[in-house]
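Asker: My structure file query.txt, compact mmCIF, C-alpha atoms and all ligand atoms, is below:
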# COMPACT_ATOMS: atom_id res chain seq x y z
CA MET A 204 0.00 0.00 0.00
CA ASP A 205 1.21 3.50 -0.80
CA VAL A 206 0.41 6.58 1.28
CA SER A 207 0.85 10.20 0.34
CA ILE A 208 0.85 13.06 2.84
CA ILE A 209 0.17 16.47 1.31
CA GLY A 210 1.64 19.07 3.63
CA ALA A 211 4.13 16.55 5.06
CA ASN A 212 6.44 19.26 6.34
CA GLY A 213 3.70 20.87 8.42
CA SER A 214 3.39 20.05 12.08
CA THR A 215 0.37 17.76 11.59
CA GLY A 216 1.81 16.16 8.45
CA LYS A 217 5.09 15.40 10.20
CA HIS A 218 3.40 13.75 13.17
CA ILE A 219 1.23 11.67 10.82
CA ALA A 220 4.32 10.46 8.93
CA SER A 221 6.25 9.54 12.04
CA ARG A 222 3.28 7.81 13.65
CA ILE A 223 2.74 5.72 10.49
CA LEU A 224 6.38 4.64 10.63
CA LEU A 225 6.44 4.18 14.41
CA GLU A 226 3.48 1.81 14.17
CA ARG A 227 5.03 0.05 11.16
CA LEU A 228 1.84 0.43 9.16
CA LEU A 229 3.80 0.29 5.92
CA LEU A 230 6.06 -2.55 4.76
CA PRO A 231 9.60 -1.81 3.53
CA THR A 232 8.28 -2.43 0.01
CA ASP A 233 5.43 0.10 0.41
CA ARG A 234 5.85 3.76 -0.45
CA LEU A 235 5.36 6.86 1.69
CA GLN A 236 5.19 10.00 -0.36
CA LEU A 237 5.95 13.34 1.31
CA VAL A 238 4.33 16.20 -0.60
CA GLY A 239 5.31 19.86 -0.31
CA ARG A 240 5.48 23.03 -2.40
CA ARG A 241 8.24 23.56 -4.91
CA ASP A 242 8.14 27.34 -4.28
CA GLY A 243 7.84 27.14 -0.48
CA SER A 244 10.32 26.31 2.25
CA SER A 245 8.86 22.79 2.49
CA GLY A 246 10.38 21.96 -0.90
CA ASN A 247 13.89 21.77 0.53
CA ALA A 248 12.95 20.84 4.09
CA LEU A 249 11.27 17.60 2.98
CA TYR A 250 14.61 16.18 1.85
CA GLY A 251 15.92 16.75 5.38
CA PHE A 252 12.73 15.34 6.92
CA ARG A 253 13.09 12.20 4.82
CA GLN A 254 16.66 11.79 6.06
CA ASP A 255 15.51 12.22 9.66
CA LEU A 256 12.80 9.55 9.19
CA LYS A 257 15.34 7.15 7.69
CA ASP A 258 17.70 7.74 10.63
CA ALA A 259 14.87 7.21 13.10
CA PHE A 260 13.26 4.13 11.58
CA ALA A 261 16.17 2.58 9.64
CA GLU A 262 15.36 -0.85 8.22
CA HIS A 263 11.66 -0.52 9.04
CA CYS A 264 11.29 2.42 6.67
CA PRO A 265 9.17 2.05 3.55
CA ILE A 266 10.43 3.66 0.33
CA ILE A 267 10.14 7.40 0.95
CA ASP A 268 9.42 9.62 -2.02
CA ILE A 269 9.20 13.38 -2.31
CA ALA A 270 6.71 15.15 -4.57
CA LEU A 271 6.56 18.89 -5.13
CA GLN A 272 3.72 19.17 -7.67
CA PRO A 273 0.06 18.06 -7.41
CA GLU A 274 0.38 15.93 -10.54
CA GLU A 275 3.16 13.88 -8.93
CA VAL A 276 0.92 12.62 -6.13
CA VAL A 277 0.51 8.84 -6.44
CA ALA A 278 -0.88 6.69 -3.61
CA ASP A 279 -3.68 4.44 -2.46
CA ILE A 280 -4.42 6.67 0.54
CA ILE A 281 -3.84 10.41 0.31
CA VAL A 282 -3.84 12.48 3.49
CA MET A 283 -4.66 16.11 2.73
CA ALA A 284 -2.99 18.09 5.55
CA ALA A 285 -1.63 21.14 3.71
CA GLY A 286 -2.80 24.62 4.47
CA LYS A 287 -2.97 27.50 6.86
CA THR A 288 -4.05 26.98 10.41
CA ILE A 289 -5.86 29.36 12.78
CA GLN A 290 -3.94 31.79 14.97
CA ALA A 291 -4.78 33.02 18.46
CA HIS A 292 -5.08 36.78 18.97
CA SER A 293 -5.32 38.88 22.09
CA ASP A 294 -7.80 41.51 20.88
CA PRO A 295 -11.00 41.06 22.94
CA GLY A 296 -12.81 43.37 20.49
CA LYS A 297 -12.27 40.93 17.61
CA ALA A 298 -14.26 37.75 17.03
CA PRO A 299 -12.55 34.60 18.43
CA PRO A 300 -10.45 32.68 15.87
CA SER A 301 -12.52 30.47 13.59
CA ARG A 302 -11.62 27.79 11.04
CA ASP A 303 -13.85 29.73 8.62
CA GLU A 304 -11.02 32.29 8.23
CA LEU A 305 -9.00 29.63 6.41
CA ALA A 306 -11.58 28.92 3.72
CA ILE A 307 -10.41 31.10 0.85
CA TYR A 308 -6.69 30.41 1.26
CA ASN A 309 -6.94 26.66 1.87
CA GLN A 310 -9.42 26.20 -0.95
CA GLN A 311 -6.80 27.53 -3.37
CA ILE A 312 -4.34 24.95 -2.04
CA ALA A 313 -6.81 22.06 -2.31
CA ILE A 314 -8.18 22.67 -5.82
CA PRO A 315 -4.98 21.82 -7.78
CA TYR A 316 -4.63 18.55 -5.81
CA ALA A 317 -8.28 17.62 -6.44
CA ASP A 318 -7.95 18.47 -10.15
CA ALA A 319 -4.72 16.46 -10.45
CA LEU A 320 -6.36 13.48 -8.73
CA VAL A 321 -9.15 13.50 -11.31
CA GLN A 322 -6.71 13.82 -14.20
CA TYR A 323 -3.92 11.47 -13.12
CA GLY A 324 -5.44 9.27 -10.39
CA HIS A 325 -6.30 5.61 -11.04
CA GLY A 326 -9.81 5.89 -9.59
CA HIS A 327 -9.36 3.90 -6.39
CA GLU A 328 -7.54 6.45 -4.18
CA VAL A 329 -9.05 7.35 -0.83
CA VAL A 330 -8.53 10.89 0.49
CA ILE A 331 -8.53 11.62 4.23
CA VAL A 332 -9.07 15.35 4.71
CA VAL A 333 -7.42 17.07 7.68
CA THR A 334 -7.20 20.60 6.23
CA ASN A 335 -9.75 23.08 7.58
CA PRO A 336 -12.49 24.05 7.08
CA VAL A 337 -12.81 20.30 6.68
CA GLU A 338 -16.34 20.44 5.21
CA LEU A 339 -15.24 22.82 2.44
CA ILE A 340 -12.19 20.76 1.50
CA VAL A 341 -14.26 17.54 1.52
CA GLU A 342 -16.70 19.24 -0.84
CA ILE A 343 -13.95 20.45 -3.18
CA PHE A 344 -12.66 16.89 -3.59
CA SER A 345 -16.17 15.36 -3.67
CA GLN A 346 -17.35 17.66 -6.46
CA ARG A 347 -14.52 16.37 -8.64
CA TYR A 348 -13.90 12.78 -7.54
CA ASP A 349 -15.95 9.80 -6.29
CA ARG A 350 -17.46 11.31 -3.10
CA HIS A 351 -17.49 7.89 -1.42
CA ARG A 352 -13.69 7.99 -1.41
CA ILE A 353 -13.42 11.34 0.38
CA VAL A 354 -13.51 11.29 4.19
CA GLY A 355 -12.96 14.25 6.53
CA MET A 356 -11.53 13.46 9.95
CA GLY A 357 -12.92 16.41 11.97
CA ALA A 358 -16.03 14.62 13.30
CA TYR A 359 -13.95 11.53 14.07
CA GLN A 360 -11.58 13.62 16.17
CA ASP A 361 -14.47 15.48 17.84
CA SER A 362 -16.00 12.09 18.72
CA LEU A 363 -12.73 10.90 20.31
CA ARG A 364 -12.60 14.15 22.31
CA PHE A 365 -16.24 13.74 23.36
CA ARG A 366 -15.59 10.19 24.57
CA ARG A 367 -12.55 11.32 26.51
CA GLU A 368 -14.30 14.29 28.09
CA VAL A 369 -17.39 12.27 29.07
CA ALA A 370 -15.12 9.59 30.53
CA ARG A 371 -13.18 12.21 32.50
CA SER A 372 -16.39 13.72 33.92
CA ILE A 373 -17.76 10.40 35.12
CA ASN A 374 -14.42 8.86 36.11
CA VAL A 375 -14.17 5.93 33.72
CA SER A 376 -11.63 5.21 30.97
CA ARG A 377 -12.17 6.54 27.44
CA GLU A 378 -12.36 2.95 26.15
CA ALA A 379 -15.47 2.45 28.33
CA VAL A 380 -17.38 5.25 26.58
CA ARG A 381 -18.94 5.06 23.12
CA ALA A 382 -20.28 8.31 21.69
CA MET A 383 -20.44 10.32 18.48
CA VAL A 384 -20.27 13.93 17.43
CA LEU A 385 -21.85 14.86 14.10
CA GLY A 386 -22.34 18.18 12.30
CA GLU A 387 -19.66 20.78 11.72
CA HIS A 388 -16.05 20.65 12.89
CA GLY A 389 -16.62 24.09 14.41
CA ASP A 390 -19.39 26.04 16.12
CA GLY A 391 -22.02 23.77 14.53
CA ILE A 392 -20.91 20.59 16.32
CA VAL A 393 -23.68 18.19 17.30
CA PRO A 394 -22.70 16.06 20.32
CA LEU A 395 -25.03 13.07 20.37
CA TRP A 396 -25.86 12.45 24.00
CA SER A 397 -28.35 9.85 22.76
CA SER A 398 -25.42 7.83 21.38
CA VAL A 399 -23.53 7.65 24.69
CA THR A 400 -23.07 4.19 26.17
CA ILE A 401 -20.87 3.43 29.16
CA GLN A 402 -19.50 -0.04 29.61
CA GLY A 403 -20.94 -1.68 32.73
CA PHE A 404 -23.67 0.97 33.21
CA SER A 405 -27.37 0.14 32.87
CA ASP A 406 -29.58 2.47 30.79
CA ASN A 407 -30.79 4.18 33.98
CA GLU A 408 -27.28 4.61 35.32
CA THR A 409 -26.12 6.07 31.98
CA ALA A 410 -29.07 8.50 31.91
CA ARG A 411 -28.32 9.61 35.48
CA ALA A 412 -24.60 10.06 34.76
CA ILE A 413 -25.38 12.10 31.63
CA SER A 414 -27.87 14.39 33.36
CA ASN A 415 -25.22 15.17 36.00
CA VAL A 416 -22.59 16.26 33.47
CA ARG A 417 -24.17 17.62 30.27
CA SER A 418 -24.17 21.37 29.62
CA SER A 419 -27.90 21.86 29.11
CA THR A 420 -30.98 19.76 29.50
CA SER A 421 -31.83 19.99 25.80
CA SER A 422 -29.76 19.97 22.61
CA ARG A 423 -31.63 23.09 21.44
CA GLU A 424 -29.94 25.19 24.14
CA PHE A 425 -26.49 23.78 23.36
CA PRO A 426 -25.24 26.28 20.71
CA GLY A 427 -25.96 29.30 22.95
CA THR A 428 -24.33 27.67 25.99
CA LEU A 429 -21.30 26.66 23.95
CA ILE A 430 -20.64 30.13 22.53
CA ARG A 431 -21.17 31.83 25.92
CA MET A 432 -18.79 29.50 27.78
CA ARG A 433 -16.23 29.51 24.94
CA ASN A 434 -16.12 33.32 24.86
CA GLU A 435 -15.75 33.57 28.66
CA ILE A 436 -12.75 31.23 28.68
CA ILE A 437 -11.13 32.90 25.68
CA LYS A 438 -11.36 36.29 27.43
CA ILE A 439 -9.39 34.86 30.37
CA ALA A 440 -6.81 33.41 27.98
CA GLN A 441 -6.55 36.72 26.13
CA ARG A 442 -5.68 38.42 29.43
CA GLY A 443 -2.70 36.04 29.50
CA ASP A 444 -3.88 33.99 32.47
CA ILE A 445 -3.58 30.61 30.77
CA ALA A 446 -3.35 28.63 34.03
CA GLU A 447 -6.66 30.15 35.22
CA ALA A 448 -8.25 29.54 31.79
CA PHE A 449 -7.33 25.84 32.03
CA ARG A 450 -8.60 25.71 35.64
CA ARG A 451 -11.96 27.06 34.43
CA PHE A 452 -11.84 24.72 31.41
CA ASP A 453 -11.71 21.74 33.78
CA THR A 454 -15.03 22.81 35.32
CA LEU A 455 -16.87 23.03 31.96
CA PRO A 456 -19.30 20.32 30.85
CA PRO A 457 -17.80 17.66 28.53
CA ASP A 458 -19.76 18.68 25.42
CA VAL A 459 -18.40 22.23 25.73
CA ARG A 460 -14.84 21.05 26.45
CA ILE A 461 -14.72 19.25 23.06
CA MET A 462 -14.93 22.60 21.34
CA VAL A 463 -13.08 24.85 23.79
CA GLY A 464 -10.05 22.57 24.32
CA PRO A 465 -8.46 23.08 20.88
CA PHE A 466 -8.89 26.89 21.09
CA LEU A 467 -7.39 27.07 24.54
CA THR A 468 -4.45 24.95 23.36
CA LEU A 469 -3.88 27.57 20.64
CA PHE A 470 -4.05 30.49 23.08
CA ALA A 471 -1.48 28.71 25.25
CA GLY A 472 0.93 28.89 22.30
CA ALA A 473 0.72 25.15 21.53
CA LYS A 474 -0.96 23.25 18.68
CA THR A 475 -3.35 20.32 18.38
CA ASP A 476 -1.09 18.55 15.89
CA ILE A 477 -0.28 15.45 17.98
CA ALA A 478 -3.90 14.63 18.80
CA THR A 479 -4.91 15.34 15.20
CA ALA A 480 -2.19 13.06 13.83
CA ASN A 481 -3.21 10.30 16.25
CA ALA A 482 -6.86 10.62 15.24
CA THR A 483 -5.93 10.60 11.54
CA VAL A 484 -3.81 7.48 11.90
CA ASP A 485 -6.55 5.78 13.98
CA LEU A 486 -9.04 6.53 11.24
CA PHE A 487 -6.59 5.18 8.67
CA LYS A 488 -6.25 1.96 10.71
CA CYS A 489 -10.04 1.59 11.07
CA MET A 490 -10.35 2.00 7.33
CA LEU A 491 -7.77 -0.67 6.58
CA SER A 492 -8.94 -3.13 9.22
CA GLY A 493 -11.20 -4.79 6.67
CA LYS A 494 -14.11 -4.74 9.13
CA ASP A 495 -17.12 -2.56 8.41
CA THR A 496 -16.77 0.09 11.11
CA VAL A 497 -19.22 2.89 11.90
CA ILE A 498 -17.56 6.22 12.61
CA ALA A 499 -18.48 9.89 12.47
CA ALA A 500 -16.74 11.64 9.58
CA GLN A 501 -17.29 14.54 7.21
CA VAL A 502 -18.66 13.28 3.90
CA SER A 503 -20.63 14.88 1.10
CA LEU A 504 -24.20 13.62 1.44
CA VAL A 505 -26.82 13.34 -1.26
CA ASN A 506 -29.97 12.84 0.82
CA GLU A 507 -28.66 9.68 2.56
CA PHE A 508 -29.17 11.05 6.08
CA LEU A 509 -32.11 13.25 7.14
CA GLN A 510 -32.39 14.39 3.51
CA VAL A 511 -29.25 16.53 3.84
CA ARG A 512 -27.25 17.43 0.74
CA GLY A 513 -23.68 18.64 1.09
CA PRO A 514 -20.69 18.11 3.37
CA ILE A 515 -21.26 17.41 7.07
CA GLY A 516 -20.13 15.10 9.87
CA ALA A 517 -22.40 12.04 9.57
CA PRO A 518 -22.37 8.43 10.85
CA VAL A 519 -20.81 6.36 8.07
CA VAL A 520 -19.68 2.78 7.47
CA ILE A 521 -16.06 2.90 6.39
CA SER A 522 -13.96 0.36 4.55
CA PRO A 523 -10.70 0.35 2.58
CA LYS A 524 -12.72 1.90 -0.28
CA GLY A 525 -13.75 4.98 1.73
CA TRP A 526 -17.29 5.29 3.09
CA ASP A 527 -19.75 2.74 1.80
CA ALA A 528 -23.01 3.93 3.32
CA VAL A 529 -24.58 6.08 6.01
CA TYR A 530 -25.38 4.20 9.20
CA PRO A 531 -29.09 4.71 9.90
CA MET A 532 -28.93 6.22 13.40
CA THR A 533 -31.91 7.63 15.22
CA LEU A 534 -31.30 11.05 16.79
CA SER A 535 -33.39 12.68 19.49
CA ASP A 536 -35.66 15.53 18.29
CA GLY A 537 -33.26 18.17 19.64
CA GLU A 538 -30.20 16.53 18.07
CA GLN A 539 -32.01 16.25 14.76
CA GLN A 540 -32.88 19.93 14.85
CA LEU A 541 -29.28 20.85 15.70
CA PHE A 542 -27.98 18.64 12.89
CA LEU A 543 -30.30 20.23 10.33
CA GLN A 544 -29.34 23.75 11.49
CA SER A 545 -25.67 22.81 11.20
CA ALA A 546 -26.23 21.40 7.68
CA GLN A 547 -27.93 24.59 6.58
CA SER A 548 -25.22 26.83 8.00
CA ILE A 549 -22.43 24.75 6.40
CA GLN A 550 -24.25 24.78 3.07
CA GLU A 551 -24.63 28.57 3.15
CA LYS A 552 -20.93 29.03 3.93
CA VAL A 553 -19.73 26.53 1.34
CA ASN A 554 -21.92 28.16 -1.35
CA ARG A 555 -20.41 31.53 -0.43
CA TRP A 556 -16.83 30.25 -0.39
CA ILE A 557 -16.73 28.03 -3.46
CA VAL A 558 -15.67 30.17 -6.40
N1 LIG B 1 -9.17 18.46 11.40
C1 LIG B 1 -8.50 18.74 12.51
O1 LIG B 1 -8.85 18.32 13.59
C2 LIG B 1 -7.26 19.61 12.41
C3 LIG B 1 -6.43 19.79 13.51
C4 LIG B 1 -5.26 20.51 13.35
C5 LIG B 1 -4.99 21.10 12.11
N2 LIG B 1 -5.87 20.95 11.10
C6 LIG B 1 -5.65 21.59 9.80
O2 LIG B 1 -4.56 20.97 9.13
C7 LIG B 1 -3.91 21.93 8.29
C8 LIG B 1 -2.42 21.93 8.61
O3 LIG B 1 -2.21 22.34 9.94
P1 LIG B 1 -0.74 22.41 10.55
O4 LIG B 1 -0.90 22.82 11.94
O5 LIG B 1 0.00 21.16 10.22
O6 LIG B 1 -0.14 23.63 9.71
P2 LIG B 1 1.39 23.95 9.36
O7 LIG B 1 1.44 25.40 9.02
O8 LIG B 1 2.30 23.45 10.40
O9 LIG B 1 1.65 23.09 8.04
C9 LIG B 1 1.03 23.34 6.83
C10 LIG B 1 1.93 22.77 5.75
O10 LIG B 1 1.24 22.87 4.51
C11 LIG B 1 2.23 23.12 3.54
N3 LIG B 1 1.65 23.66 2.31
C12 LIG B 1 1.08 24.86 2.09
N4 LIG B 1 0.70 24.95 0.79
C13 LIG B 1 0.99 23.77 0.22
C14 LIG B 1 0.83 23.25 -1.09
N5 LIG B 1 0.27 23.98 -2.06
N6 LIG B 1 1.25 21.99 -1.32
C15 LIG B 1 1.83 21.24 -0.35
N7 LIG B 1 2.03 21.69 0.89
C16 LIG B 1 1.61 22.93 1.17
C17 LIG B 1 3.17 24.13 4.21
O11 LIG B 1 4.42 24.18 3.54
C18 LIG B 1 3.26 23.53 5.60
O12 LIG B 1 4.34 22.63 5.65
C19 LIG B 1 -4.61 23.28 8.58
O13 LIG B 1 -5.58 23.54 7.60
C20 LIG B 1 -5.27 23.06 9.92
O14 LIG B 1 -6.40 23.88 10.10
C21 LIG B 1 -6.96 20.21 11.22
Please, can you express the file's structure as structure tokens?
Answerer:
Amino acid sequence: MDVSIIGANGSTGKHIASRILLERLLLPTDRLQLVGRRDGSSGNALYGFRQDLKDAFAEHCPIIDIALQPEEVVADIIVMAAGKTIQAHSDPGKAPPSRDELAIYNQQIAIPYADALVQYGHGHEVVIVVTNPVELIVEIFSQRYDRHRIVGMGAYQDSLRFRREVARSINVSREAVRAMVLGEHGDGIVPLWSSVTIQGFSDNETARAISNVRSSTSSREFPGTLIRMRNEIIKIAQRGDIAEAFRRFDTLPPDVRIMVGPFLTLFAGAKTDIATANATVDLFKCMLSGKDTVIAAQVSLVNEFLQVRGPIGAPVVISPKGWDAVYPMTLSDGEQQLFLQSAQSIQEKVNRWIV
């Protein structure tokens, strides 16, 4: 199997590459392709990065290739991780950072890769999209290529965060919690409390545990609560009191922490690249496991789930071919309403952004 990482010299791309090698997911006869820009600093740096990987992983290394043009990308699985990332700012008068700011710039990066895939690809590539806004980039690839082979990892990562945060609030391990987050990888996230199961808990015990920890009694109130709590914490971080911001963060409900955690990490001067790389490689492993696995991921729907058209985080059955079908989940009334609002908002933004 051959894997290509577009944006391999970026912090997320680098962690993805080293995790793939660390876990020996590729054989020495497989190929890992590191993709950068000929006219950017990554062009030269990738040669050094390749050398570093060879030093680190020696005889366990696959063949490592470098590509500096979209038309040179050749792989069975392509990880799209190139592009700008959001920056923290300390101006309380300005809106908090949003992945939406990246749309115009990152779209221009993605289009040549999507066009080259259509022109030079062999038709069975699968693209895992990391670049934000993940819904927009999924749509750019899906409008050009087989949409069933395009999978965005934002909802998968949000679901892992949700499981971890729920587990932390009720004092069990993340492995004991099953849960999904659908919707947008952004303000329009839809945490599915109805999907939460906790190993060893009866239905009544699960319901009691959830009502003790969730942010609001109904999903309809969630967006307002999320924005209010997010803005309060960001104000503290903008004053420079990061330790206090994290102390307050620890007291937030788990469904709010999913969203606030990455922003607070940014304001602290760090990045979410390690967790993102881990989630991407986990998704990659699920995909290759050969078992039909249901995960939340951004895909471009054509009426398969709640009659939604367009890109959104949805429950899908994945396989080595991408996503085969939508898993027919039943949402609560409030979750359904939140999901449909999120779909509408994403669609409006994507229509505005796509040139
Ligand atoms: N989905 C998620 O959960 C998640 C989490 C973190 C980051 N991200 C997204 O991943 C992307 C990368 O983030 P990062 O932190 O690694 O950024 P980064 O700035 O560290 O790396 C970006 C890389 O992209 C490369 N690049 C830019 N234009 C390119 C082109 N035309 N061809 C090839 N490479 C090109 C740059 O040279 C750089 O090496 C961003 O869009 C970010 O928003 C997503």
Asker: Find the residues near stretch 458-461 of chain A: any atom within 7 Å, counting only C-alpha atoms, skip ones fewer than 3 places away on the same chain, and give them as a list in words.
Answerer: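 Final neighbour list, sorted by chain and number: Asp361, Arg364, Phe365, Glu368, Pro394, Arg417, Ser418, Leu429, Phe452, Leu455 and Gly464 of chain A.
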Asker: If you count all atoms listed in the file, which residues end up within 7 Å of ligand LIG 1 (chain B), as a ChimeraX atom specification?
Answerer: /A:209-216,238-240,243-245,284-289,302,309,312,333-337,356-357,360,474-476,479
Asker: Figure out the distance between atom CA of A:Pro426 and atom CA of A:Gln544, please, to one decimal in Å.
Answerer: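 Interatomic distance here is 10.4 Å.
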Asker: Report as CSV the residues of stretch 347-444 of chain A within 7 Å of stretch 494-507 of chain A, each with its shortest atom pair and distance in Å (one decimal), using only C-alpha atoms, ordered by chain and increasing residue number.
Answerer:
residue,atom,partner,partner_atom,distance
A:Arg350,CA,A:Ser503,CA,6.4
A:Ile353,CA,A:Val502,CA,6.6
A:Val354,CA,A:Val502,CA,5.5
A:Gly355,CA,A:Gln501,CA,4.4
A:Met356,CA,A:Ala500,CA,5.5
A:Gly357,CA,A:Ala500,CA,6.6
A:Ala358,CA,A:Ala500,CA,4.8
A:Tyr359,CA,A:Ala499,CA,5.1
A:Met383,CA,A:Ala499,CA,6.3
A:Val384,CA,A:Ala499,CA,6.6
A:Leu385,CA,A:Ala499,CA,6.2
Asker: With distances taken over all atoms listed in the file, which of A:Ala270, A:Ala259, A:Leu339, A:Val330 is nearest to A:Val558?
Answerer: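 Once distances to A:Val558 are computed over all atoms listed in the file, the minimum belongs to A:Leu339.
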Asker: Show which residues sit within 12 Å of A:Val276, as a PDB file with C-alpha atoms, keeping the file's coordinate frame. Count all atoms listed in the file, and ignore same-chain residues fewer than 6 positions away.
Answerer:
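Produced file out.pdb, reproduced below:
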ATOM      1  CA  ASP A 205       1.210   3.500  -0.800  1.00  0.00           C
ATOM      2  CA  VAL A 206       0.410   6.580   1.280  1.00  0.00           C
ATOM      3  CA  SER A 207       0.850  10.200   0.340  1.00  0.00           C
ATOM      4  CA  ILE A 208       0.850  13.060   2.840  1.00  0.00           C
ATOM      5  CA  ILE A 209       0.170  16.470   1.310  1.00  0.00           C
ATOM      6  CA  GLY A 210       1.640  19.070   3.630  1.00  0.00           C
ATOM      7  CA  ARG A 234       5.850   3.760  -0.450  1.00  0.00           C
ATOM      8  CA  LEU A 235       5.360   6.860   1.690  1.00  0.00           C
ATOM      9  CA  GLN A 236       5.190  10.000  -0.360  1.00  0.00           C
ATOM     10  CA  LEU A 237       5.950  13.340   1.310  1.00  0.00           C
ATOM     11  CA  VAL A 238       4.330  16.200  -0.600  1.00  0.00           C
ATOM     12  CA  GLY A 239       5.310  19.860  -0.310  1.00  0.00           C
ATOM     13  CA  ARG A 240       5.480  23.030  -2.400  1.00  0.00           C
ATOM     14  CA  ASP A 268       9.420   9.620  -2.020  1.00  0.00           C
ATOM     15  CA  ILE A 269       9.200  13.380  -2.310  1.00  0.00           C
ATOM     16  CA  ALA A 270       6.710  15.150  -4.570  1.00  0.00           C
ATOM     17  CA  VAL A 282      -3.840  12.480   3.490  1.00  0.00           C
ATOM     18  CA  MET A 283      -4.660  16.110   2.730  1.00  0.00           C
ATOM     19  CA  PRO A 315      -4.980  21.820  -7.780  1.00  0.00           C
ATOM     20  CA  TYR A 316      -4.630  18.550  -5.810  1.00  0.00           C
ATOM     21  CA  ALA A 317      -8.280  17.620  -6.440  1.00  0.00           C
ATOM     22  CA  ASP A 318      -7.950  18.470 -10.150  1.00  0.00           C
ATOM     23  CA  ALA A 319      -4.720  16.460 -10.450  1.00  0.00           C
ATOM     24  CA  LEU A 320      -6.360  13.480  -8.730  1.00  0.00           C
ATOM     25  CA  VAL A 321      -9.150  13.500 -11.310  1.00  0.00           C
ATOM     26  CA  GLN A 322      -6.710  13.820 -14.200  1.00  0.00           C
ATOM     27  CA  TYR A 323      -3.920  11.470 -13.120  1.00  0.00           C
ATOM     28  CA  GLY A 324      -5.440   9.270 -10.390  1.00  0.00           C
ATOM     29  CA  HIS A 325      -6.300   5.610 -11.040  1.00  0.00           C
ATOM     30  CA  GLU A 328      -7.540   6.450  -4.180  1.00  0.00           C
ATOM     31  CA  VAL A 330      -8.530  10.890   0.490  1.00  0.00           C
TER      32      VAL A 330
END
Asker: Using only C-alpha atoms, find the one residue out of A:Asn554, A:Thr409, A:Ser372, A:Thr232 that sits nearest to A:Ile267.
Answerer: A:Thr232
Asker: Just want the 9 Å neighbourhood of A:Leu541, counted on all atoms listed in the file, with same-chain residues fewer than 6 positions away dropped. Output as a list in words.
Answerer: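 Final neighbour list, sorted by chain and number: Gly386, Gly391, Ile392, Val393, Ser422, Arg423, Phe425 and Pro426 of chain A.
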Asker: Go ahead and write the residues just picked, C-alpha atoms, as a PDB file, in the frame of the given file.
Answerer:
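As written to disk, part02.pdb reads:
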ATOM      1  CA  GLY A 386     -22.340  18.180  12.300  1.00  0.00           C
ATOM      2  CA  GLY A 391     -22.020  23.770  14.530  1.00  0.00           C
ATOM      3  CA  ILE A 392     -20.910  20.590  16.320  1.00  0.00           C
ATOM      4  CA  VAL A 393     -23.680  18.190  17.300  1.00  0.00           C
ATOM      5  CA  SER A 422     -29.760  19.970  22.610  1.00  0.00           C
ATOM      6  CA  ARG A 423     -31.630  23.090  21.440  1.00  0.00           C
ATOM      7  CA  PHE A 425     -26.490  23.780  23.360  1.00  0.00           C
ATOM      8  CA  PRO A 426     -25.240  26.280  20.710  1.00  0.00           C
TER       9      PRO A 426
END
